[in-house]
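Asker: My questions will all concern the structure given below.
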Amino acid sequence: MQLEHNKRIQHLNTMAIDVQAENFLSVTSIDQLQQFLQQEHLPQPIHIIGGGSNIVYTQDIPGTLLSIDIKGITESHVSENEVHITAAAGEVWHDLVDYALDRNYGGIENLTLIPGKTGAAPMQNIGAYGVEIKDVLTSVTTVHRATGQQHLFTNEQCQLGYRESIFKNQLRDQHIITSITIALTKHTHTLHLEYGAIHQELQKHHIHNPGISDVSHAVATIRRSKLPDPKHIPNCGSFFKNPIIPLTQLQPILEKYADAPHFPIGAQYAKIPAAWLIQQAGWKGFRNQTVGVHDLQPLVLINHNHGTGVHIYQLSEDIKNSVAHQFGIILEREVNII
Ligand code: EPU
């Protein structure tokens, strides 16, 4: 087990922040992970990196950065129409989507092209175009950092919510996710086409009886049309969550902005797109010398010219402050700031 020292990790985070890790280890098996955690003189603190797509580093990383690169996908056929797929944490999420599509397994086609690795998927309950991993997840296995023991969490035990899980909250920094198991359909698929843009995209191509590949293509087209590819424009996808506010707070906003988009959540709350709030506050397409706000999707902050994590953080603070000032809504970051 060879630690690398002072490793630059710009290529390992999609915001392309040029920082270095004091120690770095790529872990390729559970045994190796357990051995590492059971060492006597662990270079602490320990940080975990998966695909590096939801993290902004504002400083060099002391201690050890562990990259979870455990690979492998296995299947067990549960019934005529159900297959359980177990994917190791280091599998690239979209490769898992392709694996499923290649075999005509349905359930994750709406989650096409989400950046990052599989182990991070339950961490923030990834979701897009009307589907969340919560809808298909059966269980998650982990290694407990303090004891090195393996654990299994059922879907319910993961406490998945909108971009939330127990691993971000009560159990923060306590477990390292090593695999996930998802339940997919083999023949009779339940398609999720409610999200307006998917419907329009299918109509445009005169697809009236879509299959899971058609849905995946539609999602890929929509994503490519407004979300910047981190290989060309470094970014972390949505930077903030869409705020959920009480209707009493929405009412005065609607009086002033009659066309404010909003989506009911139960009888007393509504979700209001952060993208709209940020656009109204005048940030869409903003750029300073290093960082900015994407011109097609203002929920995405970009690093266009060697920005540091502090530059990104400062921009996110400025956006938060102006949205708070204009709407009285406090945006919450979806991205982790280290
Ligand atoms: N909007 C604007 N201006 C814009 C763009 C969007 O006002 O320039 C408003 C519109 O009202 C639009 C609404 O925002 O209807 C929603 O926009 P969009 O469909 O692009 O989705 P989003 O709410 O901005 C969320 C997720 C995305 C996910 C999409 C599709 C969050 C924080 N983000 O974005 O997830 O891909 O829905 O389901 O929930 C991610 O988490 O990194 C991510 C990209």
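Within each chain, counting starts at residue 1; across the structure tokens, chains are named A, B, ... in the order shown, with ligands numbered 1 upward in that order.
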Find the residues near ligand 1. Use a cut-off of 8 Å, count only C-alpha atoms and all ligand atoms, and write them as a ChimeraX atom specification.

Answerer: /A:54,114,126-131,162-163,195,197,223,226-227,236-242,260-262,272-280,284,295-300,334

Asker: Store the residues picked out above, limited to N, CA and C atoms, as a CSV table (one decimal), in the first residue's frame.

Answerer:
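After the write, part.csv holds the following:
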chain,number,residue,atom,x,y,z
A,54,ASN,N,-18.7,16.8,-6.8
A,54,ASN,CA,-19.6,17.6,-6.0
A,54,ASN,C,-18.8,18.2,-4.8
A,114,ILE,N,-25.2,11.6,-15.3
A,114,ILE,CA,-24.9,12.3,-14.0
A,114,ILE,C,-23.4,12.0,-13.8
A,126,ILE,N,-28.7,11.1,-5.6
A,126,ILE,CA,-28.7,11.8,-6.9
A,126,ILE,C,-30.1,11.7,-7.6
A,127,GLY,N,-30.4,12.7,-8.3
A,127,GLY,CA,-31.7,12.7,-8.9
A,127,GLY,C,-31.7,13.6,-10.1
A,128,ALA,N,-32.5,13.2,-11.1
A,128,ALA,CA,-32.7,14.1,-12.3
A,128,ALA,C,-33.9,13.6,-13.1
A,129,TYR,N,-34.6,14.6,-13.7
A,129,TYR,CA,-35.7,14.3,-14.6
A,129,TYR,C,-36.8,13.3,-14.0
A,130,GLY,N,-37.1,13.6,-12.8
A,130,GLY,CA,-38.2,12.9,-12.2
A,130,GLY,C,-37.9,11.6,-11.5
A,131,VAL,N,-36.6,11.2,-11.4
A,131,VAL,CA,-36.2,9.9,-10.8
A,131,VAL,C,-35.0,10.2,-9.8
A,162,TYR,N,-34.4,14.8,-0.5
A,162,TYR,CA,-33.9,15.6,-1.6
A,162,TYR,C,-32.5,16.0,-1.4
A,163,ARG,N,-31.6,15.4,-2.1
A,163,ARG,CA,-30.1,15.6,-2.0
A,163,ARG,C,-29.6,15.4,-0.6
A,195,TYR,N,-41.5,14.7,-16.6
A,195,TYR,CA,-40.7,15.9,-16.6
A,195,TYR,C,-40.9,16.5,-18.0
A,197,ALA,N,-39.5,18.5,-20.1
A,197,ALA,CA,-38.5,18.6,-21.2
A,197,ALA,C,-38.4,17.2,-21.9
A,223,ARG,N,-29.6,17.3,-21.2
A,223,ARG,CA,-28.4,17.7,-20.3
A,223,ARG,C,-27.4,18.4,-21.1
A,226,LYS,N,-27.9,22.1,-21.9
A,226,LYS,CA,-27.8,23.2,-20.9
A,226,LYS,C,-26.8,23.1,-19.8
A,227,LEU,N,-26.3,21.8,-19.6
A,227,LEU,CA,-25.3,21.7,-18.6
A,227,LEU,C,-23.9,21.6,-19.2
A,236,CYS,N,-19.4,21.8,-11.0
A,236,CYS,CA,-19.9,20.7,-10.1
A,236,CYS,C,-21.4,20.5,-10.3
A,237,GLY,N,-22.0,20.7,-11.5
A,237,GLY,CA,-23.4,20.6,-11.7
A,237,GLY,C,-24.1,21.6,-10.8
A,238,SER,N,-25.3,21.3,-10.4
A,238,SER,CA,-26.1,22.3,-9.5
A,238,SER,C,-25.2,22.6,-8.3
A,239,PHE,N,-25.1,23.9,-8.1
A,239,PHE,CA,-24.3,24.3,-6.9
A,239,PHE,C,-25.1,24.4,-5.6
A,240,PHE,N,-26.4,24.8,-5.8
A,240,PHE,CA,-27.3,25.0,-4.7
A,240,PHE,C,-28.5,24.1,-4.9
A,241,LYS,N,-29.2,23.8,-3.8
A,241,LYS,CA,-30.4,23.0,-3.8
A,241,LYS,C,-31.6,24.0,-4.2
A,242,ASN,N,-32.6,23.4,-4.8
A,242,ASN,CA,-33.8,24.2,-5.0
A,242,ASN,C,-34.5,24.4,-3.7
A,260,ALA,N,-43.3,33.7,-11.5
A,260,ALA,CA,-42.3,32.9,-10.7
A,260,ALA,C,-42.7,31.4,-10.8
A,261,PRO,N,-41.7,30.6,-11.3
A,261,PRO,CA,-42.0,29.2,-11.4
A,261,PRO,C,-42.0,28.6,-10.0
A,262,HIS,N,-42.9,27.6,-9.7
A,262,HIS,CA,-43.0,27.0,-8.4
A,262,HIS,C,-43.7,25.7,-8.5
A,272,ILE,N,-39.1,26.2,-5.2
A,272,ILE,CA,-38.9,27.3,-6.2
A,272,ILE,C,-37.5,27.1,-6.8
A,273,PRO,N,-37.4,27.2,-8.1
A,273,PRO,CA,-36.1,26.9,-8.7
A,273,PRO,C,-35.0,27.9,-8.3
A,274,ALA,N,-33.9,27.4,-7.8
A,274,ALA,CA,-32.8,28.3,-7.4
A,274,ALA,C,-32.3,29.0,-8.7
A,275,ALA,N,-32.4,28.3,-9.9
A,275,ALA,CA,-31.9,28.9,-11.1
A,275,ALA,C,-32.7,30.2,-11.4
A,276,TRP,N,-34.0,30.2,-11.1
A,276,TRP,CA,-34.8,31.3,-11.4
A,276,TRP,C,-34.4,32.5,-10.4
A,277,LEU,N,-34.2,32.1,-9.2
A,277,LEU,CA,-33.9,33.2,-8.2
A,277,LEU,C,-32.5,33.8,-8.5
A,278,ILE,N,-31.6,33.0,-8.9
A,278,ILE,CA,-30.2,33.5,-9.3
A,278,ILE,C,-30.3,34.3,-10.5
A,279,GLN,N,-31.1,33.9,-11.5
A,279,GLN,CA,-31.3,34.7,-12.7
A,279,GLN,C,-31.9,36.1,-12.4
A,280,GLN,N,-33.0,36.0,-11.5
A,280,GLN,CA,-33.6,37.3,-11.2
A,280,GLN,C,-32.7,38.2,-10.4
A,284,LYS,N,-27.1,35.5,-14.0
A,284,LYS,CA,-26.9,34.6,-15.1
A,284,LYS,C,-25.9,35.1,-16.1
A,295,ASP,N,-24.1,30.5,-18.5
A,295,ASP,CA,-25.1,31.4,-19.1
A,295,ASP,C,-26.4,30.7,-19.6
A,296,LEU,N,-26.4,29.4,-19.5
A,296,LEU,CA,-27.6,28.6,-19.9
A,296,LEU,C,-28.3,28.1,-18.7
A,297,GLN,N,-27.5,27.8,-17.6
A,297,GLN,CA,-28.1,27.2,-16.4
A,297,GLN,C,-27.4,27.9,-15.2
A,298,PRO,N,-28.1,28.9,-14.6
A,298,PRO,CA,-27.4,29.7,-13.6
A,298,PRO,C,-27.2,29.0,-12.3
A,299,LEU,N,-27.7,27.8,-12.2
A,299,LEU,CA,-27.5,27.0,-11.0
A,299,LEU,C,-26.1,26.4,-11.0
A,300,VAL,N,-25.4,26.5,-12.1
A,300,VAL,CA,-24.1,25.9,-12.2
A,300,VAL,C,-23.0,27.0,-12.2
A,334,GLU,N,-25.5,22.7,-2.5
A,334,GLU,CA,-25.6,21.2,-2.7
A,334,GLU,C,-24.1,20.7,-2.7

Asker: Using only C-alpha atoms, which residues sit within 6 Å of Glu91 of chain A once same-chain residues fewer than 3 positions away are excluded, as a PyMOL selection string?

Answerer: chain A and resi 71+88+117-118

Asker: Suppose we keep N, CA and C atoms; can you now write the selection as an mmCIF file, in the first residue's frame?

Answerer:
data_model
loop_
_atom_site.group_PDB
_atom_site.id
_atom_site.type_symbol
_atom_site.label_atom_id
_atom_site.label_comp_id
_atom_site.auth_asym_id
_atom_site.auth_seq_id
_atom_site.Cartn_x
_atom_site.Cartn_y
_atom_site.Cartn_z
ATOM 1 N N LYS A 71 -13.810 -1.675 -8.065
ATOM 2 C CA LYS A 71 -14.619 -1.899 -9.278
ATOM 3 C C LYS A 71 -15.378 -3.214 -9.196
ATOM 4 N N ALA A 88 -19.809 -1.783 -7.377
ATOM 5 C CA ALA A 88 -18.811 -1.288 -6.423
ATOM 6 C C ALA A 88 -18.727 0.237 -6.523
ATOM 7 N N LYS A 117 -19.091 8.999 -9.292
ATOM 8 C CA LYS A 117 -18.993 7.546 -9.165
ATOM 9 C C LYS A 117 -20.173 7.010 -8.369
ATOM 10 N N THR A 118 -20.362 5.702 -8.482
ATOM 11 C CA THR A 118 -21.513 5.042 -7.892
ATOM 12 C C THR A 118 -21.593 5.205 -6.376
#

Asker: Kindly indicate which residue among A:Ile55, A:Ala146, A:Val215, A:Leu331 lies nearest to Thr14 of chain A, using only C-alpha atoms for the distances.

Answerer: A:Ile55

Asker: Report the distance between atom CA of Gly266 of chain A and atom CA of Glu156 of chain A in Å, rounded to one decimal place.

Answerer: 20.7 Å

Asker: Smallest atom-to-atom distance to Leu111 of chain A: which of A:Ile166, A:Ser216, A:Ser139, A:Thr178, using only C-alpha atoms?

Answerer: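 Ranked by minimum distance to Leu111 of chain A, first place goes to A:Ser216.
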
Asker: List the spatial neighbours of Gln20 of chain A as number ranges by chain - criterion: any atom at most 6 Å away, only C-alpha atoms, same-chain residues fewer than 4 positions off excluded.

Answerer: A: 6-9, 60

Asker: Could you name the residues that touch Glu75 of chain A at 7 Å or less, counting only C-alpha atoms, but leaving out those on the same chain fewer than 2 positions away, as an MDAnalysis selection string?

Answerer: chainID A and resid 73 77 83:86

Asker: Go ahead and dump the residues you just picked, all heavy atoms, as a JSON list (two decimals), in the first residue's frame.

Answerer:
[["chain", "number", "residue", "atom", "x", "y", "z"],
["A", 73, "ILE", "N", -19.25, -5.17, -11.09],
["A", 73, "ILE", "CA", -20.72, -5.16, -11.16],
["A", 73, "ILE", "C", -21.18, -6.61, -11.20],
["A", 73, "ILE", "O", -20.66, -7.41, -11.99],
["A", 73, "ILE", "CB", -21.20, -4.42, -12.44],
["A", 73, "ILE", "CG1", -20.72, -2.97, -12.45],
["A", 73, "ILE", "CG2", -22.72, -4.50, -12.56],
["A", 73, "ILE", "CD1", -21.14, -2.16, -13.68],
["A", 77, "HIS", "N", -30.72, -12.46, -10.24],
["A", 77, "HIS", "CA", -32.05, -12.38, -10.84],
["A", 77, "HIS", "C", -33.08, -12.82, -9.82],
["A", 77, "HIS", "O", -33.09, -13.96, -9.39],
["A", 77, "HIS", "CB", -32.09, -13.20, -12.13],
["A", 77, "HIS", "CG", -31.19, -12.60, -13.16],
["A", 77, "HIS", "ND1", -31.65, -11.83, -14.20],
["A", 77, "HIS", "CD2", -29.84, -12.60, -13.26],
["A", 77, "HIS", "CE1", -30.62, -11.40, -14.91],
["A", 77, "HIS", "NE2", -29.51, -11.86, -14.36],
["A", 83, "VAL", "N", -34.24, -7.66, -11.52],
["A", 83, "VAL", "CA", -32.83, -8.04, -11.35],
["A", 83, "VAL", "C", -32.21, -7.08, -10.35],
["A", 83, "VAL", "O", -32.54, -5.89, -10.33],
["A", 83, "VAL", "CB", -32.08, -8.00, -12.72],
["A", 83, "VAL", "CG1", -32.16, -6.64, -13.38],
["A", 83, "VAL", "CG2", -30.63, -8.43, -12.58],
["A", 84, "HIS", "N", -31.36, -7.61, -9.49],
["A", 84, "HIS", "CA", -30.63, -6.74, -8.55],
["A", 84, "HIS", "C", -29.19, -6.62, -9.03],
["A", 84, "HIS", "O", -28.53, -7.62, -9.29],
["A", 84, "HIS", "CB", -30.66, -7.34, -7.14],
["A", 84, "HIS", "CG", -31.99, -7.16, -6.47],
["A", 84, "HIS", "ND1", -32.21, -7.43, -5.14],
["A", 84, "HIS", "CD2", -33.17, -6.71, -6.96],
["A", 84, "HIS", "CE1", -33.48, -7.16, -4.85],
["A", 84, "HIS", "NE2", -34.08, -6.73, -5.92],
["A", 85, "ILE", "N", -28.76, -5.39, -9.16],
["A", 85, "ILE", "CA", -27.40, -5.12, -9.64],
["A", 85, "ILE", "C", -26.61, -4.55, -8.47],
["A", 85, "ILE", "O", -27.03, -3.54, -7.87],
["A", 85, "ILE", "CB", -27.40, -4.05, -10.76],
["A", 85, "ILE", "CG1", -28.40, -4.38, -11.86],
["A", 85, "ILE", "CG2", -26.00, -3.82, -11.30],
["A", 85, "ILE", "CD1", -27.96, -5.41, -12.81],
["A", 86, "THR", "N", -25.48, -5.16, -8.18],
["A", 86, "THR", "CA", -24.60, -4.61, -7.15],
["A", 86, "THR", "C", -23.38, -4.02, -7.85],
["A", 86, "THR", "O", -22.72, -4.71, -8.63],
["A", 86, "THR", "CB", -24.19, -5.71, -6.16],
["A", 86, "THR", "OG1", -25.38, -6.18, -5.52],
["A", 86, "THR", "CG2", -23.24, -5.17, -5.09]]
